[in-house]
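Student: Sharing query.cif below, mmCIF, N, CA and C atoms and all ligand atoms:
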```cif
data_model
#
loop_
_atom_site.group_PDB
_atom_site.id
_atom_site.type_symbol
_atom_site.label_atom_id
_atom_site.label_comp_id
_atom_site.auth_asym_id
_atom_site.auth_seq_id
_atom_site.Cartn_x
_atom_site.Cartn_y
_atom_site.Cartn_z
ATOM 1 N N MET A 1 0.850 -1.187 0.000
ATOM 2 C CA MET A 1 0.000 0.000 0.000
ATOM 3 C C MET A 1 0.886 1.238 0.000
ATOM 4 N N ARG A 2 0.541 2.184 -0.917
ATOM 5 C CA ARG A 2 1.358 3.392 -1.042
ATOM 6 C C ARG A 2 0.774 4.506 -0.184
ATOM 7 N N GLY A 3 1.523 5.531 0.014
ATOM 8 C CA GLY A 3 0.981 6.688 0.730
ATOM 9 C C GLY A 3 1.761 7.017 1.983
ATOM 10 N N ASN A 4 1.715 8.268 2.333
ATOM 11 C CA ASN A 4 2.413 8.774 3.514
ATOM 12 C C ASN A 4 1.548 8.537 4.742
ATOM 13 N N VAL A 5 2.142 8.041 5.815
ATOM 14 C CA VAL A 5 1.360 7.791 7.032
ATOM 15 C C VAL A 5 0.790 9.092 7.577
ATOM 16 N N PHE A 6 1.452 10.227 7.329
ATOM 17 C CA PHE A 6 0.960 11.514 7.833
ATOM 18 C C PHE A 6 -0.218 12.041 7.036
ATOM 19 N N ALA A 7 -0.533 11.345 5.912
ATOM 20 C CA ALA A 7 -1.662 11.790 5.103
ATOM 21 C C ALA A 7 -2.989 11.467 5.772
ATOM 22 N N HIS A 8 -2.992 10.557 6.735
ATOM 23 C CA HIS A 8 -4.230 10.216 7.425
ATOM 24 C C HIS A 8 -4.709 11.446 8.212
ATOM 25 N N PRO A 9 -6.006 11.823 8.043
ATOM 26 C CA PRO A 9 -6.498 13.056 8.672
ATOM 27 C C PRO A 9 -6.245 13.129 10.179
ATOM 28 N N ALA A 10 -6.415 12.014 10.874
ATOM 29 C CA ALA A 10 -6.202 12.025 12.329
ATOM 30 C C ALA A 10 -4.750 12.321 12.653
ATOM 31 N N LYS A 11 -3.845 11.701 11.905
ATOM 32 C CA LYS A 11 -2.415 11.913 12.147
ATOM 33 C C LYS A 11 -2.010 13.328 11.751
ATOM 34 N N LEU A 12 -2.655 13.842 10.673
ATOM 35 C CA LEU A 12 -2.363 15.218 10.267
ATOM 36 C C LEU A 12 -2.721 16.189 11.382
ATOM 37 N N SER A 13 -3.882 15.964 11.995
ATOM 38 C CA SER A 13 -4.322 16.870 13.056
ATOM 39 C C SER A 13 -3.387 16.799 14.260
ATOM 40 N N ILE A 14 -2.903 15.597 14.585
ATOM 41 C CA ILE A 14 -1.945 15.463 15.698
ATOM 42 C C ILE A 14 -0.665 16.213 15.374
ATOM 43 N N ALA A 15 -0.182 16.031 14.121
ATOM 44 C CA ALA A 15 1.051 16.697 13.721
ATOM 45 C C ALA A 15 0.882 18.212 13.768
ATOM 46 N N LYS A 16 -0.301 18.694 13.345
ATOM 47 C CA LYS A 16 -0.570 20.129 13.336
ATOM 48 C C LYS A 16 -0.594 20.679 14.769
ATOM 49 N N ASN A 17 -1.283 19.955 15.665
ATOM 50 C CA ASN A 17 -1.356 20.398 17.055
ATOM 51 C C ASN A 17 0.016 20.423 17.717
ATOM 52 N N ARG A 18 0.827 19.413 17.397
ATOM 53 C CA ARG A 18 2.182 19.363 17.977
ATOM 54 C C ARG A 18 3.008 20.549 17.487
ATOM 55 N N SER A 19 2.855 20.895 16.192
ATOM 56 C CA SER A 19 3.654 22.007 15.678
ATOM 57 C C SER A 19 3.189 23.318 16.296
ATOM 58 N N ILE A 20 1.894 23.429 16.605
ATOM 59 C CA ILE A 20 1.404 24.636 17.286
ATOM 60 C C ILE A 20 2.022 24.720 18.671
ATOM 61 N N LEU A 21 2.054 23.580 19.373
ATOM 62 C CA LEU A 21 2.639 23.561 20.711
ATOM 63 C C LEU A 21 4.113 23.951 20.682
ATOM 64 N N LEU A 22 4.795 23.529 19.618
ATOM 65 C CA LEU A 22 6.220 23.838 19.533
ATOM 66 C C LEU A 22 6.479 25.288 19.165
ATOM 67 N N THR A 23 5.526 25.931 18.452
ATOM 68 C CA THR A 23 5.762 27.316 18.037
ATOM 69 C C THR A 23 5.285 28.324 19.074
ATOM 70 N N VAL A 24 4.327 27.957 19.930
ATOM 71 C CA VAL A 24 3.853 28.881 20.971
ATOM 72 C C VAL A 24 4.775 28.762 22.176
ATOM 73 N N PRO A 25 5.455 29.865 22.574
ATOM 74 C CA PRO A 25 6.364 29.761 23.709
ATOM 75 C C PRO A 25 5.606 29.581 25.012
ATOM 76 N N PRO A 26 6.167 28.824 25.946
ATOM 77 C CA PRO A 26 5.507 28.680 27.239
ATOM 78 C C PRO A 26 5.350 30.049 27.908
ATOM 79 N N LEU A 27 4.333 30.160 28.726
ATOM 80 C CA LEU A 27 4.022 31.431 29.385
ATOM 81 C C LEU A 27 5.222 31.971 30.157
ATOM 82 N N ALA A 28 5.942 31.067 30.802
ATOM 83 C CA ALA A 28 7.075 31.492 31.636
ATOM 84 C C ALA A 28 8.138 32.206 30.816
ATOM 85 N N THR A 29 8.384 31.754 29.593
ATOM 86 C CA THR A 29 9.452 32.372 28.802
ATOM 87 C C THR A 29 9.064 33.755 28.305
ATOM 88 N N THR A 30 7.751 34.055 28.286
ATOM 89 C CA THR A 30 7.350 35.395 27.857
ATOM 90 C C THR A 30 7.203 36.346 29.033
ATOM 91 N N ILE A 31 6.820 35.829 30.204
ATOM 92 C CA ILE A 31 6.592 36.698 31.364
ATOM 93 C C ILE A 31 7.875 36.960 32.138
ATOM 94 N N ILE A 32 8.711 35.945 32.345
ATOM 95 C CA ILE A 32 9.895 36.111 33.190
ATOM 96 C C ILE A 32 10.858 37.177 32.651
ATOM 97 N N PRO A 33 11.214 37.182 31.345
ATOM 98 C CA PRO A 33 12.127 38.240 30.902
ATOM 99 C C PRO A 33 11.541 39.625 31.090
ATOM 100 N N PHE A 34 10.203 39.744 30.960
ATOM 101 C CA PHE A 34 9.559 41.045 31.115
ATOM 102 C C PHE A 34 9.644 41.531 32.549
ATOM 103 N N THR A 35 9.374 40.627 33.503
ATOM 104 C CA THR A 35 9.382 41.030 34.910
ATOM 105 C C THR A 35 10.804 41.168 35.449
ATOM 106 N N MET A 36 11.768 40.465 34.836
ATOM 107 C CA MET A 36 13.138 40.521 35.331
ATOM 108 C C MET A 36 14.006 41.452 34.485
ATOM 109 N N LYS A 37 13.402 42.425 33.838
ATOM 110 C CA LYS A 37 14.145 43.335 32.979
ATOM 111 C C LYS A 37 15.220 44.055 33.786
ATOM 112 N N LYS A 38 16.431 44.008 33.298
ATOM 113 C CA LYS A 38 17.533 44.618 34.031
ATOM 114 C C LYS A 38 17.519 46.128 33.873
ATOM 115 N N GLN A 39 18.005 46.794 34.915
ATOM 116 C CA GLN A 39 18.099 48.245 34.866
ATOM 117 C C GLN A 39 19.553 48.637 35.069
ATOM 118 N N PHE A 40 19.957 49.702 34.406
ATOM 119 C CA PHE A 40 21.362 50.093 34.430
ATOM 120 C C PHE A 40 21.532 51.547 34.882
ATOM 121 N N ARG A 41 22.623 51.765 35.594
ATOM 122 C CA ARG A 41 22.976 53.110 36.051
ATOM 123 C C ARG A 41 24.158 53.585 35.206
ATOM 124 N N VAL A 42 24.028 54.777 34.651
ATOM 125 C CA VAL A 42 25.089 55.341 33.809
ATOM 126 C C VAL A 42 25.742 56.496 34.565
ATOM 127 N N THR A 43 27.055 56.420 34.714
ATOM 128 C CA THR A 43 27.784 57.468 35.444
ATOM 129 C C THR A 43 28.822 58.088 34.515
ATOM 130 N N ILE A 44 28.823 59.391 34.484
ATOM 131 C CA ILE A 44 29.793 60.103 33.643
ATOM 132 C C ILE A 44 30.838 60.739 34.556
ATOM 133 N N ASP A 45 32.095 60.461 34.268
ATOM 134 C CA ASP A 45 33.179 61.063 35.042
ATOM 135 C C ASP A 45 33.624 62.325 34.299
ATOM 136 N N ARG A 46 33.217 63.463 34.812
ATOM 137 C CA ARG A 46 33.473 64.719 34.108
ATOM 138 C C ARG A 46 34.953 65.090 34.084
ATOM 139 N N LYS A 47 35.717 64.517 34.991
ATOM 140 C CA LYS A 47 37.170 64.790 34.976
ATOM 141 C C LYS A 47 37.847 64.063 33.817
ATOM 142 N N LEU A 48 37.319 62.896 33.475
ATOM 143 C CA LEU A 48 37.939 62.101 32.415
ATOM 144 C C LEU A 48 37.346 62.404 31.036
ATOM 145 N N CYS A 49 36.080 62.768 30.998
ATOM 146 C CA CYS A 49 35.390 63.000 29.722
ATOM 147 C C CYS A 49 35.998 64.199 28.984
ATOM 148 N N LYS A 50 36.367 63.962 27.712
ATOM 149 C CA LYS A 50 36.943 65.027 26.878
ATOM 150 C C LYS A 50 35.904 65.578 25.898
ATOM 151 N N GLN A 51 34.672 65.163 26.067
ATOM 152 C CA GLN A 51 33.551 65.654 25.259
ATOM 153 C C GLN A 51 33.751 65.414 23.763
ATOM 154 N N CYS A 52 34.184 64.216 23.442
ATOM 155 C CA CYS A 52 34.446 63.882 22.037
ATOM 156 C C CYS A 52 33.172 63.503 21.282
ATOM 157 N N SER A 53 32.112 63.225 21.985
ATOM 158 C CA SER A 53 30.797 62.879 21.389
ATOM 159 C C SER A 53 30.695 61.448 20.841
ATOM 160 N N LEU A 54 31.715 60.649 21.006
ATOM 161 C CA LEU A 54 31.632 59.284 20.470
ATOM 162 C C LEU A 54 30.476 58.516 21.104
ATOM 163 N N CYS A 55 30.352 58.610 22.416
ATOM 164 C CA CYS A 55 29.283 57.867 23.096
ATOM 165 C C CYS A 55 27.905 58.379 22.654
ATOM 166 N N VAL A 56 27.821 59.674 22.441
ATOM 167 C CA VAL A 56 26.548 60.269 22.007
ATOM 168 C C VAL A 56 26.143 59.659 20.665
ATOM 169 N N ASN A 57 27.109 59.521 19.785
ATOM 170 C CA ASN A 57 26.816 58.990 18.444
ATOM 171 C C ASN A 57 26.552 57.495 18.447
ATOM 172 N N PHE A 58 27.169 56.774 19.368
ATOM 173 C CA PHE A 58 27.020 55.320 19.355
ATOM 174 C C PHE A 58 25.794 54.832 20.123
ATOM 175 N N CYS A 59 25.296 55.590 21.057
ATOM 176 C CA CYS A 59 24.181 55.104 21.885
ATOM 177 C C CYS A 59 22.944 54.844 21.014
ATOM 178 N N PRO A 60 22.515 53.589 20.919
ATOM 179 C CA PRO A 60 21.363 53.277 20.077
ATOM 180 C C PRO A 60 20.048 53.808 20.638
ATOM 181 N N LYS A 61 20.021 54.099 21.942
ATOM 182 C CA LYS A 61 18.792 54.590 22.565
ATOM 183 C C LYS A 61 18.759 56.115 22.633
ATOM 184 N N LYS A 62 19.807 56.769 22.146
ATOM 185 C CA LYS A 62 19.900 58.246 22.169
ATOM 186 C C LYS A 62 19.757 58.779 23.598
ATOM 187 N N ASN A 63 20.417 58.104 24.527
ATOM 188 C CA ASN A 63 20.348 58.486 25.944
ATOM 189 C C ASN A 63 21.331 59.591 26.313
ATOM 190 N N LEU A 64 22.341 59.779 25.493
ATOM 191 C CA LEU A 64 23.416 60.703 25.849
ATOM 192 C C LEU A 64 23.359 61.937 24.949
ATOM 193 N N SER A 65 23.581 63.090 25.589
ATOM 194 C CA SER A 65 23.572 64.335 24.813
ATOM 195 C C SER A 65 24.350 65.392 25.586
ATOM 196 N N PHE A 66 24.587 66.492 24.935
ATOM 197 C CA PHE A 66 25.264 67.601 25.608
ATOM 198 C C PHE A 66 24.238 68.674 25.946
ATOM 199 N N LYS A 67 24.284 69.096 27.215
ATOM 200 C CA LYS A 67 23.406 70.190 27.645
ATOM 201 C C LYS A 67 24.267 71.204 28.373
ATOM 202 N N ASP A 68 24.231 72.420 27.920
ATOM 203 C CA ASP A 68 25.064 73.486 28.493
ATOM 204 C C ASP A 68 26.533 73.061 28.528
ATOM 205 N N GLY A 69 26.974 72.384 27.485
ATOM 206 C CA GLY A 69 28.375 71.992 27.365
ATOM 207 C C GLY A 69 28.771 70.791 28.204
ATOM 208 N N GLU A 70 27.808 70.160 28.849
ATOM 209 C CA GLU A 70 28.122 68.991 29.687
ATOM 210 C C GLU A 70 27.413 67.759 29.136
ATOM 211 N N LEU A 71 28.123 66.627 29.178
ATOM 212 C CA LEU A 71 27.516 65.374 28.753
ATOM 213 C C LEU A 71 26.506 64.937 29.807
ATOM 214 N N VAL A 72 25.297 64.638 29.380
ATOM 215 C CA VAL A 72 24.264 64.194 30.325
ATOM 216 C C VAL A 72 23.631 62.900 29.819
ATOM 217 N N PHE A 73 23.167 62.110 30.786
ATOM 218 C CA PHE A 73 22.455 60.876 30.471
ATOM 219 C C PHE A 73 20.990 61.077 30.824
ATOM 220 N N GLU A 74 20.123 60.764 29.878
ATOM 221 C CA GLU A 74 18.678 60.810 30.123
ATOM 222 C C GLU A 74 18.049 59.666 29.348
ATOM 223 N N GLY A 75 17.139 58.991 29.955
ATOM 224 C CA GLY A 75 16.452 57.916 29.248
ATOM 225 C C GLY A 75 16.631 56.583 29.929
ATOM 226 N N GLU A 76 16.396 55.535 29.150
ATOM 227 C CA GLU A 76 16.459 54.174 29.698
ATOM 228 C C GLU A 76 17.587 53.418 29.012
ATOM 229 N N CYS A 77 18.585 53.092 29.801
ATOM 230 C CA CYS A 77 19.768 52.412 29.268
ATOM 231 C C CYS A 77 19.470 50.920 29.070
ATOM 232 N N SER A 78 19.860 50.405 27.922
ATOM 233 C CA SER A 78 19.645 48.975 27.642
ATOM 234 C C SER A 78 20.830 48.125 28.085
ATOM 235 N N GLY A 79 21.908 48.784 28.495
ATOM 236 C CA GLY A 79 23.096 48.043 28.943
ATOM 237 C C GLY A 79 23.913 47.460 27.810
ATOM 238 N N CYS A 80 23.809 48.045 26.630
ATOM 239 C CA CYS A 80 24.552 47.504 25.479
ATOM 240 C C CYS A 80 26.054 47.730 25.605
ATOM 241 N N MET A 81 26.464 48.694 26.424
ATOM 242 C CA MET A 81 27.882 48.985 26.713
ATOM 243 C C MET A 81 28.645 49.595 25.534
ATOM 244 N N LEU A 82 27.937 50.023 24.505
ATOM 245 C CA LEU A 82 28.650 50.625 23.377
ATOM 246 C C LEU A 82 29.363 51.902 23.800
ATOM 247 N N CYS A 83 28.718 52.688 24.655
ATOM 248 C CA CYS A 83 29.352 53.942 25.102
ATOM 249 C C CYS A 83 30.635 53.648 25.865
ATOM 250 N N VAL A 84 30.600 52.633 26.715
ATOM 251 C CA VAL A 84 31.782 52.257 27.509
ATOM 252 C C VAL A 84 32.882 51.753 26.584
ATOM 253 N N ARG A 85 32.493 50.930 25.628
ATOM 254 C CA ARG A 85 33.472 50.312 24.732
ATOM 255 C C ARG A 85 34.176 51.343 23.857
ATOM 256 N N TYR A 86 33.435 52.359 23.420
ATOM 257 C CA TYR A 86 34.030 53.305 22.473
ATOM 258 C C TYR A 86 34.599 54.562 23.118
ATOM 259 N N CYS A 87 34.357 54.762 24.384
ATOM 260 C CA CYS A 87 34.930 55.952 25.037
ATOM 261 C C CYS A 87 36.448 55.792 25.121
ATOM 262 N N PRO A 88 37.203 56.717 24.525
ATOM 263 C CA PRO A 88 38.660 56.582 24.544
ATOM 264 C C PRO A 88 39.277 57.005 25.879
ATOM 265 N N ASP A 89 38.468 57.606 26.741
ATOM 266 C CA ASP A 89 39.026 58.182 27.979
ATOM 267 C C ASP A 89 38.460 57.567 29.252
ATOM 268 N N TRP A 90 37.772 56.468 29.155
ATOM 269 C CA TRP A 90 37.185 55.802 30.319
ATOM 270 C C TRP A 90 36.278 56.769 31.089
ATOM 271 N N GLY A 91 35.605 57.618 30.358
ATOM 272 C CA GLY A 91 34.814 58.667 30.995
ATOM 273 C C GLY A 91 33.405 58.271 31.343
ATOM 274 N N ILE A 92 32.998 57.071 30.975
ATOM 275 C CA ILE A 92 31.609 56.678 31.230
ATOM 276 C C ILE A 92 31.574 55.258 31.773
ATOM 277 N N ARG A 93 30.669 55.053 32.727
ATOM 278 C CA ARG A 93 30.562 53.745 33.369
ATOM 279 C C ARG A 93 29.096 53.307 33.366
ATOM 280 N N VAL A 94 28.870 52.046 33.107
ATOM 281 C CA VAL A 94 27.506 51.506 33.118
ATOM 282 C C VAL A 94 27.482 50.301 34.039
ATOM 283 N N GLU A 95 26.611 50.360 35.025
ATOM 284 C CA GLU A 95 26.507 49.251 36.008
ATOM 285 C C GLU A 95 25.052 48.825 36.129
ATOM 286 N N GLU A 96 24.877 47.554 36.437
ATOM 287 C CA GLU A 96 23.538 47.063 36.695
ATOM 288 C C GLU A 96 23.086 47.581 38.058
ATOM 289 N N LYS A 97 21.827 48.030 38.126
ATOM 290 C CA LYS A 97 21.300 48.542 39.407
ATOM 291 C C LYS A 97 20.986 47.420 40.363
HETATM 292 S S1 LIG B 101 25.014 51.255 27.565
HETATM 293 FE FE1 LIG B 101 24.127 51.464 25.505
HETATM 294 S S2 LIG B 101 22.046 52.218 25.855
HETATM 295 FE FE2 LIG B 101 23.179 52.545 27.741
HETATM 296 S S3 LIG B 101 23.909 54.668 27.590
HETATM 297 FE FE3 LIG B 101 25.533 53.313 26.835
HETATM 298 S S4 LIG B 101 25.253 53.199 24.624
HETATM 299 FE FE4 LIG B 101 23.356 54.003 25.526
HETATM 300 S S1 LIG B 102 33.037 58.967 24.560
HETATM 301 FE FE1 LIG B 102 33.938 59.323 26.577
HETATM 302 S S2 LIG B 102 35.160 61.165 26.326
HETATM 303 FE FE2 LIG B 102 33.773 61.065 24.571
HETATM 304 S S3 LIG B 102 31.976 62.274 25.221
HETATM 305 FE FE3 LIG B 102 31.554 60.148 25.765
HETATM 306 S S4 LIG B 102 32.246 59.945 27.910
HETATM 307 FE FE4 LIG B 102 33.155 61.816 27.068
#
```
Any chance you could put this one into structure tokens?
Ligand code: SF4
Ligand code: SF4

Tutor:
Amino acid sequence: MRGNVFAHPAKLSIAKNRSILLTVPPLATTIIPFTMKKQFRVTIDRKLCKQCSLCVNFCPKKNLSFKDGELVFEGECSGCMLCVRYCPDWGIRVEEK
């Protein structure tokens, strides 16, 4: 007898339900990252900062800017560390709260 065993309607429905179960993430994997979202503290060392603007340009969240000639942090830091990595003067620090 020829034919695919999965061609049987009952087996097709089981296969379909299993694939739905595999594609829908468990509730825990969607809720836990949301509730455990990390928060970061950004500190600027004004003695070390040479105001080169590299961190301002690299921050993907646009958290850093100059106000009255001083580098300031405003917004929500994602902790990507790009500002820390590209600062040539160790003028910025990012720590988990
Ligand atoms: S760690 Fe990333 S998001 Fe946070 S201030 Fe630096 S560049 Fe911006
Ligand atoms: S990259 Fe460093 S030196 Fe340049 S503005 Fe940012 S903190 Fe200051």

Student: Mind listing the residues within 5 Å of ligand LIG 101 (chain B), only N, CA and C atoms and all ligand atoms counted, as a PyMOL selection string?

Tutor: chain A and resi 58-61+77-83

Student: Which residues are near ligand LIG 102 (chain B) - at most 5 Å, using all atoms listed in the file? Format: as a PyMOL selection string.

Tutor: chain A and resi 49-55+86-89+91-92

Student: To one decimal place, how far is atom CA of Arg41 of chain A from atom CA of Arg93 of chain A in Å?

Tutor: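 Taking atom CA of Arg41 of chain A as the start and atom CA of Arg93 of chain A as the end point, the length is 8.1 Å.
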
Student: Could you check which of A:Lys47, A:Lys62, A:Glu76, A:Glu70 is closest to Trp90 of chain A, using only C-alpha atoms?

Tutor: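 When distances to Trp90 of chain A are compared using only C-alpha atoms, the smallest one comes from A:Lys47.
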
Student: Please report, as AutoDock Vina command-line options, the centre and edge lengths in Å to one decimal of an axis-aligned box covering all listed atoms of segment 35-40 of chain A with 3 Å per side.

Tutor:
```
--center_x 15.5 --center_y 46.0 --center_z 34.2 --size_x 18.2 --size_y 17.1 --size_z 8.5
```

Student: When you draw a straight line from atom CA of Lys67 of chain A to atom C of Asp45 of chain A, how long is it in Å?

Tutor: 14.5 Å
